[in-house]
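Undergrad: Sending over my_file.csv (CSV, C-alpha atoms).
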```
chain,number,residue,atom,x,y,z
T,1,MET,CA,0.0,0.0,0.0
T,2,GLY,CA,2.8,2.4,1.0
T,3,GLU,CA,4.9,2.1,-2.1
T,4,ARG,CA,1.9,1.7,-4.4
T,5,TRP,CA,0.4,5.1,-3.3
T,6,LYS,CA,3.7,7.0,-2.6
T,7,SER,CA,3.6,8.8,-5.9
T,8,PHE,CA,-0.1,9.7,-5.4
T,9,TRP,CA,0.6,11.2,-2.0
T,10,MET,CA,3.6,13.1,-3.2
T,11,GLY,CA,1.7,14.5,-6.1
T,12,THR,CA,-1.3,15.4,-4.0
T,13,ILE,CA,0.8,17.1,-1.3
T,14,ALA,CA,2.6,19.1,-4.0
T,15,ALA,CA,-0.7,20.2,-5.4
T,16,VAL,CA,-1.9,21.4,-1.9
T,17,VAL,CA,1.4,23.2,-1.3
T,18,ILE,CA,1.2,25.0,-4.7
T,19,ALA,CA,-2.5,25.9,-3.9
T,20,ILE,CA,-1.5,27.4,-0.5
T,21,ILE,CA,1.3,29.4,-2.0
T,22,ALA,CA,-0.9,30.6,-4.9
T,23,GLY,CA,-3.7,31.5,-2.6
T,24,THR,CA,-1.4,33.4,-0.3
T,25,ILE,CA,0.1,35.4,-3.2
T,26,MET,CA,-3.3,36.0,-4.8
T,27,ASN,CA,-4.8,37.3,-1.5
T,28,GLN,CA,-1.9,39.7,-1.1
T,29,THR,CA,-1.9,41.1,-4.7
T,30,GLY,CA,-5.7,41.3,-5.3
T,31,LEU,CA,-7.6,44.5,-4.9
T,32,SER,CA,-9.7,44.6,-1.7
T,33,SER,CA,-13.4,45.6,-1.9
T,34,ALA,CA,-12.5,48.9,-0.3
T,35,GLN,CA,-9.9,49.6,-3.0
T,36,LYS,CA,-12.1,48.3,-5.7
T,37,PHE,CA,-15.0,50.6,-5.0
T,38,SER,CA,-12.9,53.5,-3.7
T,39,THR,CA,-14.0,56.9,-4.9
T,40,SER,CA,-10.7,58.6,-3.7
T,41,SER,CA,-9.5,59.0,-7.3
T,42,THR,CA,-12.9,59.7,-8.8
T,43,ARG,CA,-12.9,62.3,-11.5
T,44,LEU,CA,-15.9,64.7,-11.0
R,1,MET,CA,-102.8,65.1,-13.6
R,2,ILE,CA,-100.3,63.3,-11.5
R,3,GLY,CA,-98.7,61.9,-14.6
R,4,LYS,CA,-98.2,65.3,-16.1
R,5,ARG,CA,-96.5,66.6,-13.0
R,6,ILE,CA,-94.2,63.5,-13.0
R,7,ARG,CA,-93.2,64.2,-16.6
R,8,GLU,CA,-92.4,67.9,-15.7
R,9,MET,CA,-90.2,66.8,-12.8
R,10,ALA,CA,-88.4,64.3,-15.0
R,11,ARG,CA,-87.7,67.0,-17.6
R,12,CYS,CA,-86.3,69.3,-14.8
R,13,LEU,CA,-84.1,66.5,-13.5
R,14,ALA,CA,-82.7,65.7,-16.9
R,15,LEU,CA,-81.9,69.4,-17.6
R,16,ALA,CA,-80.1,69.7,-14.2
R,17,LEU,CA,-78.0,66.6,-14.9
R,18,LEU,CA,-77.1,67.9,-18.4
R,19,VAL,CA,-75.9,71.2,-16.9
R,20,VAL,CA,-73.9,69.5,-14.2
R,21,PHE,CA,-72.3,67.0,-16.7
R,22,THR,CA,-71.4,69.8,-19.2
R,23,PHE,CA,-69.8,71.9,-16.4
R,24,ASN,CA,-67.7,69.0,-15.2
R,25,VAL,CA,-66.3,68.0,-18.6
R,26,SER,CA,-65.2,71.6,-19.4
R,27,SER,CA,-63.8,72.1,-15.9
R,28,PRO,CA,-60.0,71.6,-15.5
R,29,ASP,CA,-60.6,70.0,-12.2
R,30,GLY,CA,-63.4,67.7,-13.3
R,31,PRO,CA,-63.3,64.1,-14.3
R,32,ASP,CA,-61.0,63.2,-17.2
R,33,PHE,CA,-62.9,61.5,-20.1
R,34,GLY,CA,-60.0,61.9,-22.5
R,35,PRO,CA,-58.7,64.8,-24.5
R,36,THR,CA,-61.1,67.0,-26.3
R,37,ALA,CA,-60.7,67.6,-30.0
R,38,ALA,CA,-59.0,70.9,-29.4
R,39,GLN,CA,-56.6,69.3,-26.9
R,40,ALA,CA,-55.8,66.4,-29.2
R,41,GLN,CA,-54.7,68.8,-32.0
R,42,ALA,CA,-52.7,71.0,-29.7
R,43,PRO,CA,-48.9,70.2,-29.6
R,44,THR,CA,-47.6,68.5,-26.4
R,45,PRO,CA,-45.7,71.1,-24.4
R,46,THR,CA,-42.0,70.1,-23.9
R,47,PRO,CA,-40.9,70.2,-20.3
R,48,THR,CA,-38.0,72.5,-19.8
R,49,PRO,CA,-35.1,71.5,-17.6
R,50,LYS,CA,-35.2,73.2,-14.2
R,51,GLN,CA,-32.2,75.2,-13.1
R,52,LEU,CA,-30.9,73.7,-9.9
R,53,PRO,CA,-28.5,75.3,-7.4
R,54,ASN,CA,-24.8,75.5,-8.3
R,55,ASN,CA,-25.5,75.8,-12.0
R,56,VAL,CA,-26.5,72.2,-12.3
R,57,THR,CA,-29.2,71.5,-14.9
R,58,GLU,CA,-31.8,68.9,-14.2
R,59,ARG,CA,-31.6,65.9,-16.5
R,60,LEU,CA,-35.0,64.9,-17.8
R,61,SER,CA,-36.1,61.3,-18.0
R,62,ASN,CA,-35.4,60.1,-21.5
R,63,ILE,CA,-37.1,56.9,-22.6
R,64,ASP,CA,-34.5,56.3,-25.3
R,65,LEU,CA,-31.7,56.7,-22.9
R,66,TRP,CA,-33.2,54.2,-20.4
R,67,ARG,CA,-34.0,51.8,-23.2
R,68,GLY,CA,-30.4,52.0,-24.3
R,69,ILE,CA,-29.2,51.4,-20.7
R,70,ARG,CA,-31.5,48.4,-20.4
R,71,GLY,CA,-30.0,47.1,-23.6
R,72,GLY,CA,-26.4,47.3,-22.3
R,73,LEU,CA,-25.4,50.9,-23.1
R,74,CYS,CA,-22.5,51.8,-20.8
R,75,GLY,CA,-21.0,55.1,-19.7
R,76,ASP,CA,-17.7,55.9,-18.2
R,77,VAL,CA,-16.4,55.8,-14.6
R,78,SER,CA,-13.1,56.9,-13.1
R,79,ILE,CA,-13.2,54.5,-10.2
R,80,PRO,CA,-11.2,51.2,-10.4
R,81,ASP,CA,-14.3,49.1,-10.8
R,82,LYS,CA,-14.9,49.8,-14.5
R,83,LYS,CA,-17.9,47.6,-14.7
R,84,ALA,CA,-19.8,50.2,-12.7
R,85,ALA,CA,-20.1,52.1,-15.9
R,86,CYS,CA,-22.8,49.7,-17.0
R,87,LEU,CA,-25.9,50.3,-15.0
R,88,VAL,CA,-27.8,47.3,-16.5
R,89,GLN,CA,-25.8,44.4,-18.0
R,90,SER,CA,-28.5,42.9,-20.2
R,91,ALA,CA,-26.3,40.2,-21.6
R,92,GLY,CA,-26.3,38.6,-18.2
R,93,ASP,CA,-29.9,37.5,-18.7
R,94,GLU,CA,-28.9,35.5,-21.8
R,95,PHE,CA,-25.8,34.1,-20.0
R,96,ARG,CA,-27.8,33.0,-17.0
R,97,ALA,CA,-30.4,31.4,-19.2
R,98,PHE,CA,-27.8,29.4,-21.1
R,99,ARG,CA,-25.8,28.4,-18.0
R,100,ASN,CA,-28.8,27.2,-16.1
R,101,GLY,CA,-30.5,25.9,-19.2
R,102,PRO,CA,-28.9,24.0,-22.1
R,103,MET,CA,-25.4,24.0,-20.6
R,104,SER,CA,-26.4,22.4,-17.3
R,105,GLU,CA,-29.0,20.2,-18.9
R,106,TYR,CA,-26.8,18.7,-21.7
R,107,GLY,CA,-23.8,18.5,-19.4
R,108,GLY,CA,-25.8,16.5,-16.9
R,109,TRP,CA,-27.0,14.2,-19.6
R,110,ALA,CA,-23.5,13.7,-20.9
R,111,LEU,CA,-22.1,12.8,-17.5
R,112,LEU,CA,-25.0,10.4,-16.9
R,113,ALA,CA,-24.5,8.8,-20.4
R,114,VAL,CA,-20.8,8.2,-19.7
R,115,LEU,CA,-21.6,6.5,-16.4
R,116,ILE,CA,-24.2,4.3,-18.0
R,117,VAL,CA,-21.9,3.3,-20.9
R,118,LEU,CA,-19.2,2.4,-18.5
R,119,VAL,CA,-21.5,0.3,-16.3
R,120,LEU,CA,-22.8,-1.5,-19.4
R,121,PHE,CA,-19.3,-2.0,-20.7
R,122,PHE,CA,-18.2,-3.5,-17.4
R,123,LEU,CA,-21.3,-5.8,-17.3
R,124,LEU,CA,-20.7,-7.0,-20.9
R,125,ARG,CA,-16.9,-7.1,-21.1
R,126,GLY,CA,-16.0,-7.4,-17.5
R,127,ARG,CA,-12.5,-6.6,-16.3
R,128,ILE,CA,-9.9,-6.8,-19.1
R,129,ARG,CA,-7.4,-9.4,-17.8
R,130,VAL,CA,-3.9,-10.2,-18.9
R,131,ASP,CA,-4.6,-13.1,-21.3
R,132,ALA,CA,-1.2,-14.7,-20.8
R,133,GLY,CA,-1.4,-14.3,-17.1
R,134,LEU,CA,1.0,-12.3,-14.9
R,135,SER,CA,4.6,-13.3,-15.6
R,136,GLY,CA,6.1,-12.2,-12.2
R,137,ARG,CA,8.6,-10.0,-14.0
R,138,THR,CA,8.1,-6.2,-14.3
R,139,ILE,CA,9.2,-3.4,-16.5
R,140,GLU,CA,9.3,0.3,-15.6
R,141,ARG,CA,6.5,2.1,-17.4
R,142,PHE,CA,6.7,5.5,-15.8
R,143,ASN,CA,9.6,6.9,-13.6
R,144,ALA,CA,9.1,8.6,-10.3
R,145,PHE,CA,8.9,12.1,-11.7
R,146,GLU,CA,6.3,11.1,-14.4
R,147,ARG,CA,4.1,9.5,-11.7
R,148,PHE,CA,4.5,12.6,-9.5
R,149,VAL,CA,3.4,14.8,-12.3
R,150,HIS,CA,0.5,12.5,-13.1
R,151,TRP,CA,-0.8,12.5,-9.6
R,152,MET,CA,-0.3,16.2,-9.0
R,153,THR,CA,-2.4,17.0,-12.1
R,154,ALA,CA,-4.9,14.2,-11.3
R,155,SER,CA,-5.5,15.2,-7.7
R,156,SER,CA,-5.8,18.9,-8.5
R,157,PHE,CA,-8.2,18.0,-11.4
R,158,VAL,CA,-10.5,16.0,-9.0
R,159,VAL,CA,-10.7,19.0,-6.7
R,160,LEU,CA,-11.4,21.3,-9.6
R,161,ALA,CA,-14.0,19.0,-11.1
R,162,LEU,CA,-15.9,18.4,-7.8
R,163,SER,CA,-15.9,22.1,-6.8
R,164,GLY,CA,-16.8,23.1,-10.4
R,165,LEU,CA,-19.7,20.6,-10.5
R,166,ASN,CA,-20.9,21.9,-7.2
R,167,MET,CA,-21.0,25.5,-8.6
R,168,LEU,CA,-23.0,24.2,-11.5
R,169,TYR,CA,-25.3,21.6,-10.0
R,170,GLY,CA,-24.9,21.8,-6.2
R,171,LYS,CA,-27.7,24.3,-5.7
R,172,TYR,CA,-30.2,21.9,-7.1
R,173,PHE,CA,-29.9,19.2,-4.4
R,174,LEU,CA,-27.2,19.8,-1.8
R,175,PRO,CA,-29.0,22.4,0.3
R,176,ALA,CA,-31.8,19.9,0.7
R,177,ILE,CA,-29.3,17.3,1.9
R,178,ILE,CA,-26.8,19.2,4.0
R,179,GLY,CA,-28.7,22.4,4.7
R,180,LYS,CA,-28.3,25.9,3.2
R,181,GLN,CA,-25.7,27.1,5.7
R,182,ALA,CA,-23.4,24.1,5.1
R,183,PHE,CA,-23.9,24.4,1.3
R,184,ALA,CA,-22.9,28.0,1.4
R,185,THR,CA,-19.8,27.2,3.5
R,186,LEU,CA,-18.9,24.3,1.2
R,187,THR,CA,-19.3,26.3,-1.9
R,188,LEU,CA,-17.3,29.2,-0.6
R,189,PHE,CA,-14.5,26.7,0.4
R,190,GLY,CA,-14.8,25.1,-3.0
R,191,LYS,CA,-14.5,28.4,-4.8
R,192,TYR,CA,-11.3,29.2,-3.0
R,193,SER,CA,-10.0,25.7,-3.5
R,194,HIS,CA,-10.9,26.0,-7.2
R,195,THR,CA,-9.0,29.2,-7.8
R,196,TRP,CA,-5.9,28.2,-5.8
R,197,ILE,CA,-5.4,24.6,-6.8
R,198,ALA,CA,-5.9,25.6,-10.5
R,199,TRP,CA,-2.2,26.7,-10.4
R,200,ALA,CA,-1.1,23.1,-9.6
R,201,PHE,CA,-3.3,21.8,-12.4
R,202,MET,CA,-1.8,24.3,-14.9
R,203,LEU,CA,1.7,23.4,-13.9
R,204,GLY,CA,0.8,19.7,-14.3
R,205,ILE,CA,-0.5,20.2,-17.8
R,206,VAL,CA,2.7,22.0,-18.9
R,207,LEU,CA,4.9,19.3,-17.4
R,208,MET,CA,2.9,16.5,-18.8
R,209,PHE,CA,3.1,18.1,-22.2
R,210,ILE,CA,6.9,18.4,-22.0
R,211,LEU,CA,7.3,14.8,-20.7
R,212,TRP,CA,5.0,12.9,-23.0
R,213,VAL,CA,4.5,14.9,-26.2
R,214,LYS,CA,7.3,13.1,-28.1
R,215,ASP,CA,5.5,9.7,-27.7
R,216,ASN,CA,2.0,11.0,-28.5
R,217,PHE,CA,2.3,12.0,-32.2
R,218,PRO,CA,-0.1,10.0,-34.3
R,219,THR,CA,1.4,7.1,-36.3
R,220,LEU,CA,0.1,4.5,-38.7
R,221,THR,CA,0.2,2.0,-35.9
R,222,ASP,CA,-2.6,3.9,-34.3
R,223,LEU,CA,-4.9,3.1,-37.3
R,224,GLN,CA,-4.3,-0.6,-36.7
R,225,TRP,CA,-5.2,-0.1,-33.1
R,226,LEU,CA,-8.3,1.9,-33.9
R,227,MET,CA,-9.5,-0.7,-36.5
R,228,VAL,CA,-9.9,-3.3,-33.8
R,229,GLY,CA,-11.1,-1.0,-31.1
R,230,GLY,CA,-7.9,-1.4,-29.3
R,231,GLY,CA,-8.8,-4.9,-28.5
R,232,LEU,CA,-11.0,-3.6,-25.7
R,233,LEU,CA,-14.1,-5.1,-27.1
R,234,THR,CA,-12.8,-8.6,-27.9
R,235,LYS,CA,-10.9,-10.9,-25.6
R,236,GLY,CA,-7.5,-12.1,-26.9
R,237,VAL,CA,-7.1,-9.3,-29.5
R,238,HIS,CA,-4.0,-7.2,-28.9
R,239,PRO,CA,-3.2,-4.7,-31.6
R,240,PRO,CA,0.4,-3.4,-31.9
R,241,SER,CA,1.2,-0.3,-29.9
R,242,LYS,CA,4.3,1.7,-29.0
R,243,ARG,CA,4.6,3.5,-25.7
R,244,PHE,CA,1.1,5.0,-26.0
R,245,ASN,CA,-1.7,3.5,-28.0
R,246,ALA,CA,-4.3,5.6,-29.9
R,247,GLY,CA,-6.7,5.7,-27.0
R,248,GLN,CA,-4.0,7.0,-24.7
R,249,LYS,CA,-3.0,9.5,-27.3
R,250,PHE,CA,-6.6,10.7,-27.5
R,251,ILE,CA,-6.5,11.1,-23.7
R,252,PHE,CA,-3.2,13.0,-23.8
R,253,TRP,CA,-4.3,15.5,-26.5
R,254,SER,CA,-7.7,15.9,-24.8
R,255,VAL,CA,-6.1,16.7,-21.5
R,256,VAL,CA,-3.5,19.0,-23.1
R,257,LEU,CA,-5.9,20.9,-25.3
R,258,SER,CA,-8.9,21.0,-23.1
R,259,GLY,CA,-6.6,21.6,-20.0
R,260,GLY,CA,-4.9,24.4,-21.9
R,261,SER,CA,-8.2,25.9,-22.9
R,262,LEU,CA,-9.5,25.6,-19.3
R,263,ALA,CA,-6.3,27.3,-18.1
R,264,GLY,CA,-6.7,30.1,-20.6
R,265,SER,CA,-10.4,30.8,-19.7
R,266,GLY,CA,-9.6,30.2,-16.0
R,267,LEU,CA,-6.9,32.9,-16.1
R,268,ALA,CA,-9.4,35.2,-17.8
R,269,LEU,CA,-11.8,34.5,-14.9
R,270,LEU,CA,-9.1,34.9,-12.2
R,271,PHE,CA,-8.2,38.3,-13.6
R,272,PRO,CA,-11.4,39.7,-15.1
R,273,PHE,CA,-11.1,43.1,-16.7
R,274,GLU,CA,-7.4,42.5,-17.2
R,275,LEU,CA,-7.2,39.4,-19.4
R,276,GLN,CA,-9.8,39.3,-22.1
R,277,MET,CA,-9.6,36.6,-24.8
R,278,PHE,CA,-12.9,36.3,-26.5
R,279,ALA,CA,-13.2,39.5,-28.5
R,280,GLY,CA,-9.8,38.8,-30.1
R,281,THR,CA,-10.6,35.1,-30.6
R,282,PHE,CA,-13.9,36.0,-32.2
R,283,LYS,CA,-12.2,38.3,-34.6
R,284,ILE,CA,-10.0,35.5,-35.8
R,285,ILE,CA,-12.9,33.0,-36.0
R,286,ASN,CA,-15.0,35.6,-38.0
R,287,GLY,CA,-12.3,35.4,-40.6
R,288,LEU,CA,-13.6,31.9,-41.4
R,289,GLY,CA,-17.1,33.3,-42.1
R,290,PHE,CA,-18.6,33.4,-38.7
R,291,SER,CA,-20.2,36.5,-37.2
R,292,PHE,CA,-19.4,36.5,-33.5
R,293,PRO,CA,-19.6,39.8,-31.7
R,294,THR,CA,-16.2,41.5,-31.5
R,295,GLU,CA,-17.2,44.5,-29.3
R,296,LEU,CA,-17.6,43.0,-25.9
R,297,THR,CA,-17.9,44.7,-22.5
R,298,PRO,CA,-15.6,43.3,-19.7
R,299,LEU,CA,-18.7,41.6,-18.2
R,300,GLN,CA,-19.6,39.9,-21.5
R,301,GLU,CA,-16.0,38.7,-21.7
R,302,THR,CA,-16.3,37.2,-18.3
R,303,GLN,CA,-19.6,35.5,-19.2
R,304,TYR,CA,-18.2,34.0,-22.4
R,305,ALA,CA,-15.2,32.8,-20.4
R,306,LEU,CA,-17.6,31.2,-17.8
R,307,MET,CA,-19.6,29.5,-20.5
R,308,TRP,CA,-16.6,28.2,-22.4
R,309,HIS,CA,-14.9,27.1,-19.1
R,310,GLY,CA,-18.0,25.2,-18.1
R,311,ILE,CA,-18.5,23.5,-21.5
R,312,VAL,CA,-14.9,22.4,-21.9
R,313,ALA,CA,-14.7,21.3,-18.2
R,314,LEU,CA,-17.8,19.1,-18.7
R,315,VAL,CA,-16.3,17.5,-21.8
R,316,MET,CA,-13.0,16.9,-20.0
R,317,ILE,CA,-14.7,15.4,-17.0
R,318,CYS,CA,-16.6,12.9,-19.2
R,319,ILE,CA,-13.3,11.9,-20.9
R,320,ILE,CA,-11.4,11.6,-17.6
R,321,ILE,CA,-14.2,9.4,-16.1
R,322,GLY,CA,-13.5,7.0,-18.9
R,323,HIS,CA,-9.7,7.3,-18.2
R,324,ILE,CA,-10.1,6.6,-14.5
R,325,TYR,CA,-12.3,3.6,-15.3
R,326,ILE,CA,-9.9,1.9,-17.7
R,327,GLY,CA,-6.9,2.7,-15.5
R,328,SER,CA,-8.4,1.1,-12.4
R,329,LEU,CA,-11.4,-1.1,-12.4
R,330,GLY,CA,-11.5,-1.7,-16.2
R,331,MET,CA,-8.1,-3.2,-16.8
R,332,GLU,CA,-6.0,-5.6,-14.7
R,333,GLY,CA,-2.5,-4.3,-14.1
R,334,ALA,CA,-3.1,-0.8,-15.6
R,335,PHE,CA,-3.0,1.0,-12.3
R,336,ASP,CA,0.6,-0.2,-11.5
R,337,ALA,CA,1.8,2.0,-14.3
R,338,VAL,CA,1.1,5.1,-12.2
R,339,GLY,CA,1.2,3.3,-8.8
R,340,THR,CA,4.6,1.7,-8.5
R,341,GLY,CA,5.6,2.5,-12.1
R,342,GLN,CA,6.4,-1.2,-12.6
R,343,VAL,CA,4.0,-3.1,-14.9
R,344,ASP,CA,4.0,-6.8,-15.5
R,345,VAL,CA,5.9,-7.8,-18.7
R,346,ASN,CA,3.0,-9.8,-20.0
R,347,TRP,CA,0.7,-6.8,-19.5
R,348,ALA,CA,3.1,-4.6,-21.3
R,349,LYS,CA,3.5,-7.1,-24.2
R,350,GLU,CA,-0.2,-7.4,-24.7
R,351,HIS,CA,-0.9,-3.6,-24.7
R,352,HIS,CA,2.4,-2.0,-25.7
R,353,ASN,CA,4.4,-4.7,-27.5
R,354,LEU,CA,6.4,-2.4,-29.7
R,355,TRP,CA,7.4,-0.3,-26.7
R,356,VAL,CA,8.6,-3.5,-24.9
R,357,LYS,CA,10.6,-4.5,-27.9
R,358,ASP,CA,12.2,-1.1,-28.0
R,359,MET,CA,13.0,-1.1,-24.3
R,360,GLU,CA,14.5,-4.6,-24.5
R,361,GLU,CA,16.6,-3.7,-27.5
R,362,LYS,CA,17.9,-0.5,-25.7
R,363,ALA,CA,18.8,-2.3,-22.5
R,364,GLY,CA,19.9,-5.7,-23.9
R,365,SER,CA,17.8,-8.9,-23.7
R,366,GLY,CA,15.8,-8.8,-20.5
R,367,ALA,CA,18.1,-6.4,-18.7
R,368,SER,CA,15.3,-3.8,-18.3
R,369,THR,CA,13.0,-6.1,-16.5
R,370,GLN,CA,13.1,-7.2,-12.9
R,371,ALA,CA,11.4,-9.9,-10.9
R,372,ALA,CA,8.3,-8.7,-9.1
R,373,GLU,CA,8.4,-8.7,-5.3
```
I'd like the structure from this file rewritten - as structure tokens, please.
TA:
Amino acid sequence: MGERWKSFWMGTIAAVVIAIIAGTIMNQTGLSSAQKFSTSSTRL
Amino acid sequence: MIGKRIREMARCLALALLVVFTFNVSSPDGPDFGPTAAQAQAPTPTPTPKQLPNNVTERLSNIDLWRGIRGGLCGDVSIPDKKAACLVQSAGDEFRAFRNGPMSEYGGWALLAVLIVLVLFFLLRGRIRVDAGLSGRTIERFNAFERFVHWMTASSFVVLALSGLNMLYGKYFLPAIIGKQAFATLTLFGKYSHTWIAWAFMLGIVLMFILWVKDNFPTLTDLQWLMVGGGLLTKGVHPPSKRFNAGQKFIFWSVVLSGGSLAGSGLALLFPFELQMFAGTFKIINGLGFSFPTELTPLQETQYALMWHGIVALVMICIIIGHIYIGSLGMEGAFDAVGTGQVDVNWAKEHHNLWVKDMEEKAGSGASTQAAE
């Protein structure tokens, strides 16, 4: 069971790690709702 | 005598009613029975804009303007959220009708059809066994890195498929089973999982393409394989095949092309209003004689991306269900290729005889095989 599923677990763990890293980066770089709907630079 | 007096009183009453009626019709405060002939011929006075404080002129309600806005007419805004320039996004009605209608309906039928075909196939054909029996000797089919890439892509695809199917179909039955609150939490979690793990899937698609493209170009051998249905339908039939047979090549190119397309439309959805691919794509397609719209608002771009993403994903899920079946329950010894990476030599000879021959020639007679544990 161990050897048979070793590749599966390694691939799955790698996918989860990539997802966590991607999620962290995306959360930091994305516009927040406050920024998105900000009227501070609105041209009137 | 009495009759004469009654007739006189009736005449007076009728005269009084006529006077009252005439007065009320001509009176501006009276009941409105429609315009008089004079009023009907008179031109309708045009309301003039009122001058408001600070030199602001009042805008009058304009039926054409509002009709245009209802039809998708957009203005201009200086805030970061550019979609706020469209007060009414009418194309959303058509998008929603298609997504909740034909797309969901036909997609559901396709998924059901695949499952039914596989169940029937299993009942009729059973598990495809190694006709010569297991030899006890194995040969390496995929190395550790290839298996790692396969499972990284596969596990991320399963998460993407389940969370995507939940977004499309979950609302129809899950709230009744697990409750609305749990469904909302599950869907929110699924949405984040979908957008985050998509990066692992995209990386996996690129790596799989690099690893296996050289063995997946169509050859004449594939025709022989296809002519006998890969031997899947008849016991004891084993058409020649190199490292990948025609069926596996179909899976490979389906995954690469549909996965690439999903990645493209997925990136457009991850970065809406920044990545827009459909207007440009439609311009190219229109060169072939089609007439797709080429002036798309950012929201329309997103809606096209969502529709395309959903359709391609449903097709890919159907194909991968077949792949999972034949790689596990459907064929004896197939799972070992991506499990331990070592497959039985007899299995390899029956399904990939030309590949085994190449491997043995490269490594010397029997040197590339090892005894199974």
Undergrad: Provide as a PyMOL selection string the residues of chain R at most 10 Å from chain T, counting all atoms listed in the file.
TA: chain R and resi 77-82+84+143-157+192-201+203-204+270-271+335-342
Undergrad: For stretch 71-85 of chain R, what centre and edge lengths in Å (one decimal) does the axis-aligned box get once 8 Å is added on each side of all its listed atoms, as lines of an AutoDock Vina configuration file?
TA:
```
center_x = -20.6
center_y = 52.0
center_z = -16.9
size_x = 34.8
size_y = 25.8
size_z = 29.4
```
Undergrad: As an exercise, work out the distance from atom CA of R:Ile317 to atom CA of R:Ser265 in Å and give it to one decimal place.
TA: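 Separation of atom CA of R:Ile317 and atom CA of R:Ser265: 16.2 Å.
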Undergrad: Between atom CA of R:Val343 and atom CA of R:Arg137, what is the distance, to one decimal in Å?
TA: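 Separation of atom CA of R:Val343 and atom CA of R:Arg137: 8.3 Å.
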Undergrad: What is the distance between atom CA of R:Leu168 and atom CA of R:Arg99, in Å to one decimal?
TA: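 These atoms are spaced 8.2 Å apart.
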Undergrad: With all atoms listed in the file as the counted atoms, please give the residues lying no more than 8 Å from R:Lys83, apart from itself and same-chain residues fewer than 3 positions off, as a list in words.
TA: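 Here the qualifying residues turn out to be Cys86, Pro298 and Leu299 of chain R.
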Undergrad: Let's have the selection written as a PDB file, keeping the file's coordinate frame, with C-alpha atoms.
TA:
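Below is the file that was written, part-v3.pdb:
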```pdb
ATOM      1  CA  CYS R  86     -22.800  49.700 -17.000  1.00  0.00           C
ATOM      2  CA  PRO R 298     -15.600  43.300 -19.700  1.00  0.00           C
ATOM      3  CA  LEU R 299     -18.700  41.600 -18.200  1.00  0.00           C
TER       4      LEU R 299
END
```
Undergrad: Env of R:Lys171: 12 Å cut, atoms = all atoms listed in the file, seq-sep filter 4 positions within chain, self excluded. Answer as a list in words.
TA: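 Residues near the query, excluding close chain neighbours: Asn100, Ser104, Gly164, Leu165, Asn166, Met167, Pro175, Ala176, Ile177, Ile178, Gly179, Lys180, Gln181, Ala182, Phe183, Ala184, Leu186 and Thr187 of chain R.
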Undergrad: Using only C-alpha atoms, can you tell me which of R:Leu111, R:Val88, R:Leu233, R:Ala334 comes closest to R:Phe142?
TA: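 Checking each candidate against R:Phe142, we get R:Ala334 as the closest.
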Undergrad: Residues within 12 Å of R:Leu275, please, as a list in words. Count all atoms listed in the file; anything in the same chain fewer than 6 positions from it doesn't count.
TA: Gly264, Ser265, Gly266, Leu267, Ala268, Leu269, Pro298, Leu299, Glu301, Thr302 and Ala305 of chain R
Undergrad: Write out as a PyMOL selection string each polymer residue whose atoms come within 10 Å of stretch 246-263 of chain R, counting all atoms listed in the file; drop sequence neighbours fewer than 2 positions from it.
TA: chain R and resi 157+198-199+201-206+208-209+212-213+215-226+229-230+241-244+265-269+305-306+308-313+315-317+319-320+322-323
Undergrad: Can you list, as a PyMOL selection string, every protein, DNA or RNA residue that comes within 10 Å of R:Ile321 when you count all atoms listed in the file, leaving out same-chain residues fewer than 5 positions away?
TA: chain R and resi 111+114-115+118+316+326-327
Undergrad: Rebuild stretch 71-79 of chain R so that it carries N, CA and C atoms, then output the result as a compact mmCIF listing (two decimals), in the coordinates of the input.
TA:
```txt
# COMPACT_ATOMS: atom_id res chain seq x y z
N GLY R 71 -30.55 47.99 -22.58
CA GLY R 71 -30.00 47.10 -23.60
C GLY R 71 -28.47 47.00 -23.53
N GLY R 72 -27.87 47.54 -22.47
CA GLY R 72 -26.40 47.30 -22.30
C GLY R 72 -25.58 48.56 -22.58
N LEU R 73 -26.20 49.71 -22.80
CA LEU R 73 -25.40 50.90 -23.10
C LEU R 73 -24.63 51.30 -21.81
N CYS R 74 -23.33 51.51 -21.98
CA CYS R 74 -22.50 51.80 -20.80
C CYS R 74 -21.93 53.21 -20.91
N GLY R 75 -21.60 53.74 -19.77
CA GLY R 75 -21.00 55.10 -19.70
C GLY R 75 -19.55 54.99 -19.40
N ASP R 76 -19.08 55.87 -18.55
CA ASP R 76 -17.70 55.90 -18.20
C ASP R 76 -17.53 56.22 -16.74
N VAL R 77 -16.64 55.52 -16.05
CA VAL R 77 -16.40 55.80 -14.60
C VAL R 77 -14.91 55.96 -14.42
N SER R 78 -14.56 56.68 -13.38
CA SER R 78 -13.10 56.90 -13.10
C SER R 78 -12.70 56.08 -11.87
N ILE R 79 -13.60 55.31 -11.28
CA ILE R 79 -13.20 54.50 -10.20
C ILE R 79 -12.61 53.17 -10.70
```
